[in-house]
Amino acid sequence: MTQCRRGKRRRLAPSDCLSLSNSNVGAVSLTQPFSSLAAGRDSHRGLYPWNRKAATQLDPLQRPTPRNANGVSENTTSGKASAGRPHSEVDLAFDPRDFLASDSSIERDVFVLHPNPSGERPVPLLGCPSKNNGVGGDTSTRSLEGAPAAFQQNQMRTGIIGAELDVDPLPDSYFGLLGCRGSHSQPSGHVTQLPDEILRAVFCHLPAVDLYRLRSVCQQWQRVLSDPMFAPWKRRYYRYRKGEGRAVMEMDKILKENNITKDNELCMLNLIRYVSLFQHGRSVNTDAVLNCLQHHPLFKQSKLCMSQTLPDINHAARISSTWAIQAVIVLLSNSVQEIRRLISCLGRPCSTLPATELVEVLYCLATLLFALREKGISISNRIHYNLFYALYLRENPATVSSKQLKHLCSSQESNSWHLRTNASLNPELERILNLETSPHHVIKITGYAGTGKTSLLIEYAWHRPHLRFLYVRPTKPVPEDVAHLFPPNVDFTTMRTKAYQCIGHKYHQKKKLMICGLKPFAVLGSPEGQGSLSRANLISRSLCAFFSSVDEAISVAHVPGDHRSTCGGIRPMEHHEKLELVEDVKRIWTKMVDLREPNYLMTHDGYLKLWQLSEPNLSQFDVILLDEAEDCSPVIMDIVLSQKCGKLLVGDPHQQICSFKGASEALVEAHRPTLLSLTQSFRFGPEIAYVAATILDVCKRVKDKTLVGGYQDDNTSGRPVGQVAILCRTTAAVFDEAVRIVTSDNPNKIYLIGGLDTFGMDTMLDIQMLMIKETEQAAGLEIRDPLIRLFERRGGFRGLRNYAVQVGDSELEERIAVVEKYGLGLPSFVEKITNQCVNCTTFANVILGTVHKAKGSEFETVQIAEDLIKLPGFQHNPHVLSGFRIDSVPDVNWNLLYIAVTRAKRCLVMSRSLEYLLSFASEYFLKPVLTTNLLGKGLPPKCHVSGCLNRIAREAVLTMMKAPSPQYGPNVDGPLCHACTRLRTGPLIHLLASPQLVRTGVRTVMRGRDPP
């Protein structure tokens, strides 16, 4: 007769958890709760508190079987007894691992130990008493799965399935890993009661920066996070990117000892060998990990690469081969999605690979790849970026798009968008929203393009309805689509508007306000200008420098250090010349301020300077929100920082297009601000983010913060999506694009960013009239622009052109270039462009504009114009570069390119120069394909590089394929031979073929250009 007894569960004390963690079963249960096979009920059953009083209400079949002192169970129906083992024998026969590893649904609190003939451990089965016409009988044992359907329905009806087991009395209501049920009181425990193993499992999912910040929470967290065995590679990666000396020394030692150096052409193979030695936990099942890896699309390619290039690892221990295959998949991955696919495959419960070990392997690879780039080893920057991007998304999964955030901010139902939606912010935004301000406190937030800087300020005000805010922009007015998002406790304006309300309106009433900015021709007729264009230019430049400074008086520091002479050359200014010029500038400024002097007009920057000198007081506000702080002049920054209230300064220094660099930053640093950053953009996905991040890395040497995007699908392959915006550097290039569109067979509707009125069409026509009057007597032609009309008596068209060159007026030079290019046909082109222009982007097919005017906007597809940046060629063609250096280009040029790229949301159409620039990061948009897929019945295909006579090697496992590019026409994608691939990928070529095959590859080139 089968013997049975009731098995009881008890609460695990910390010492019990420690003992279980040292065993295979316990470690898996604590660190991989989702790796066990799923059952047909709640996987957390038994972890909740349970009310013992409910046992009296159970069905008789559900009640525990009573036992007498001799271990005999009494049948609740018949009153008979059945013999059973003593308690000690049952305890010895029962193994907790049977319960933990069982995949059957145990639906009752009675275990029947079925004897196994093979001598193995007894298997727990469900035991239930049977009924014989109401008379007690023998007890039969059977599993629920083998029971008749009627019996299973009866069990469901009576509530046996899903019923909680009886547990020992609890000291309090806090029990289990999931807290209390709704019928119990609030948990009374504390987070410090969690064992270290649970904390490690939680901390491994956090970003590295949080691991260092959380050390100061308590002694237990400090002990766990300071353990050298906890996440060593994640922390080393963070320290190495920060440039910590000890981390740099550690990495240098690792690279040197493992021959991962620039001088060793097999450095990438040595990197894989080093990763293959990664130590793993005892619970890792190598076969299960390999089975999961087979679901990755690059597994087959990686396996073949291992067999040809690393046969020693391929035939070594299976765990070494597993780590090596993961490393090869990362090196061959061409997108962030492929890395995320790798993490998804290895994150399956059946892989048995703990999350901590998976993250450590990936961070080990990320650190090594970043170190290779720092050591000048020519490998694509995309490999490290894809890995970093995937890890970032894994550690910062809670995201919300900027469009969602703006929509949520517009809701008037609640002051907190967390109450209006289930969406959540990423940790960067959430940390800023929780940060409080105080009087004299300055918070400086540096955010990349599309990170939701403006939306963050609006949401910050929504969270604090009891405070009074002032939202300020430097010069541009607040757009209407943003103004209605502000809560009622925010006033929004510009500093120029505030200055006009206090001082500027006085000069406007006296008709003493200059509409345009201060130009040399405005000073030319004054006695101080002495009729000299060169001197008038120096005076205007000195006044503009004084207007943007924080100085109280004009001094020699505001005078330019050099000037352009009448002969066209540039010579330095002598000290006595500066002193004489300062006196003239002071006299002009005094007359500009005087309301009774009608001949000297005041400018907008002038009355803004007067307002700053008056020490304005904005005490009615509790907090000032300064947006686009990168374009603030020192005078605006001084007005904001001089206030006693709290200040939030938000900006992106890489979008700075004004010439105030350094001065405003010094003012902010003097106030010792709290520094925060936003690195995740909600505007675009990984492809566009990669191009923008590479620009910052290669051109501006930004290493500590990396721009990442979201989960959106975007592309840089030239497949336009939605509306196309063509962004140029100059007005002349915008006009050329507009002419090309309106003169095509099917002209499209055009929208000019900023409007047709601000484009300067009338000025171009006036310049053309001036040019016509210079060559012939034209009656009835009236020039309306006062500056152009002035040169009717001062040299005509040639005088205007010399003036633009001498004073450095680039905008005027561009318009003169358009007039010279189109000549007498200019009016007809202007008329066609005017007819095809629309006033709303909704009705336009193409959007045109300069990057300056497009700042702050976003478009579905952005096409980069060729005039935005010009590079001579690719990095692997030194004879074409002819001494070109990245650091010789002014930062403002790279800022304009970065702004243009980050306006795109879904598609980026790159210019040829932009592709040239990406080659400086060893990015050639190559992807590996199996060579067998390229081979036909005849000869192997030729190398697609123009001028190369080589063919693809049959013996190679993989061949690099060039992705299509719109800059080189259709059908330009094709395979590259090993010689051309080696020029572009460096040591990565040894992954594609054996070292012997790589050494035999010689480039055969005929005369002609060397394309990508």
# chains A, B, ... in the order shown; residues from 1 in each chain; ligands from 1

$ residues_around --residues "Leu812 of chain A" --least-positions-apart "3" --cutoff "12 Å" --atoms "only C-alpha atoms" --output "PDB file with C-alpha atoms, in the first residue's frame"
ATOM      1  CA  LYS A 519      26.019  97.461 -40.254  1.00  0.00           C
ATOM      2  CA  THR A 730      24.031  78.959 -47.814  1.00  0.00           C
ATOM      3  CA  THR A 731      21.126  80.832 -49.355  1.00  0.00           C
ATOM      4  CA  ALA A 732      22.712  80.418 -52.770  1.00  0.00           C
ATOM      5  CA  PHE A 759      14.497  84.407 -48.085  1.00  0.00           C
ATOM      6  CA  GLY A 760      15.697  87.679 -49.643  1.00  0.00           C
ATOM      7  CA  THR A 763      17.142  91.906 -52.260  1.00  0.00           C
ATOM      8  CA  MET A 764      18.366  89.704 -55.112  1.00  0.00           C
ATOM      9  CA  ASP A 766      17.508  94.946 -56.239  1.00  0.00           C
ATOM     10  CA  ILE A 767      21.075  93.734 -56.702  1.00  0.00           C
ATOM     11  CA  LEU A 787      21.804  99.554 -48.512  1.00  0.00           C
ATOM     12  CA  ILE A 788      21.709  98.632 -52.206  1.00  0.00           C
ATOM     13  CA  LEU A 800      28.654  96.653 -53.455  1.00  0.00           C
ATOM     14  CA  ARG A 801      30.674  93.519 -54.122  1.00  0.00           C
ATOM     15  CA  ASN A 802      33.855  95.069 -52.700  1.00  0.00           C
ATOM     16  CA  TYR A 803      31.906  96.228 -49.662  1.00  0.00           C
ATOM     17  CA  ALA A 804      30.584  92.723 -48.963  1.00  0.00           C
ATOM     18  CA  VAL A 805      34.076  91.245 -49.200  1.00  0.00           C
ATOM     19  CA  GLN A 806      35.719  93.925 -47.097  1.00  0.00           C
ATOM     20  CA  VAL A 807      33.258  93.850 -44.212  1.00  0.00           C
ATOM     21  CA  GLY A 808      32.828  90.075 -44.369  1.00  0.00           C
ATOM     22  CA  ASP A 809      29.063  90.100 -44.952  1.00  0.00           C
ATOM     23  CA  ARG A 815      22.999  86.906 -52.831  1.00  0.00           C
ATOM     24  CA  ILE A 816      25.484  88.635 -55.090  1.00  0.00           C
ATOM     25  CA  ALA A 817      26.712  85.188 -56.211  1.00  0.00           C
ATOM     26  CA  VAL A 818      23.136  84.199 -57.150  1.00  0.00           C
ATOM     27  CA  VAL A 819      22.705  87.365 -59.232  1.00  0.00           C
TER      28      VAL A 819
END

$ residues_around --residues "Phe546 of chain A" --least-positions-apart "3" --cutoff "6 Å" --atoms "only C-alpha atoms" --output "list in words"
Leu543, Ser549 and His558 of chain A

$ atom_distance --atom1 "atom CA of Ser307 of chain A" --atom2 "atom CA of Leu368 of chain A"
23.1 Å

$ residues_around --residues "segment 386-391 of chain A" --least-positions-apart "2" --cutoff "7 Å" --atoms "only C-alpha atoms" --output "ChimeraX atom specification"
/A:335-336,339-340,366,382-384,393-395,708

$ closest_atom_pairs --of "segment 517-636 of chain A" --to "segment 473-491 of chain A" --cutoff "9 Å" --atoms "only C-alpha atoms" --output "CSV"
residue,atom,partner,partner_atom,distance
A:Leu625,CA,A:Arg473,CA,8.6
A:Leu626,CA,A:Arg473,CA,6.1
A:Asp627,CA,A:Arg473,CA,5.3
A:Glu628,CA,A:Arg473,CA,6.4
A:Ala629,CA,A:Pro474,CA,7.3
A:Asp631,CA,A:Pro474,CA,6.9
A:Cys632,CA,A:Pro474,CA,5.5
A:Ser633,CA,A:Pro474,CA,7.9
A:Ile636,CA,A:Pro474,CA,7.0

$ write_last_selection --atoms "N, CA, C and O atoms" --output "compact mmCIF listing (two decimals), in the first residue's frame"
# COMPACT_ATOMS: atom_id res chain seq x y z
N LEU A 625 13.64 79.14 -16.45
CA LEU A 625 13.95 78.05 -17.36
C LEU A 625 14.54 78.65 -18.63
O LEU A 625 13.84 79.28 -19.41
N LEU A 626 15.83 78.46 -18.83
CA LEU A 626 16.52 79.02 -19.99
C LEU A 626 16.74 77.92 -21.02
O LEU A 626 17.49 76.98 -20.78
N ASP A 627 16.08 78.04 -22.17
CA ASP A 627 16.20 77.06 -23.24
C ASP A 627 17.18 77.57 -24.28
O ASP A 627 17.38 78.78 -24.43
N GLU A 628 17.78 76.62 -25.04
CA GLU A 628 18.78 76.94 -26.07
C GLU A 628 19.90 77.80 -25.48
O GLU A 628 20.30 78.82 -26.05
N ALA A 629 20.40 77.38 -24.35
CA ALA A 629 21.43 78.16 -23.67
C ALA A 629 22.72 78.24 -24.46
O ALA A 629 23.54 79.14 -24.20
N ASP A 631 23.18 79.24 -27.40
CA ASP A 631 23.20 80.44 -28.24
C ASP A 631 23.04 81.72 -27.44
O ASP A 631 22.79 82.78 -28.01
N CYS A 632 23.17 81.62 -26.13
CA CYS A 632 23.05 82.82 -25.29
C CYS A 632 24.36 83.62 -25.33
O CYS A 632 25.44 83.05 -25.16
N SER A 633 24.23 84.90 -25.51
CA SER A 633 25.39 85.76 -25.40
C SER A 633 25.74 85.96 -23.94
O SER A 633 24.90 85.74 -23.05
N ILE A 636 23.13 88.06 -22.00
CA ILE A 636 21.89 87.36 -21.62
C ILE A 636 22.17 86.41 -20.47
O ILE A 636 21.38 86.32 -19.51

$ closest_residue --among "A:Met495, A:Arg793, A:Glu615, A:Asn334" --to "Tyr924 of chain A" --atoms "only C-alpha atoms"
A:Asn334
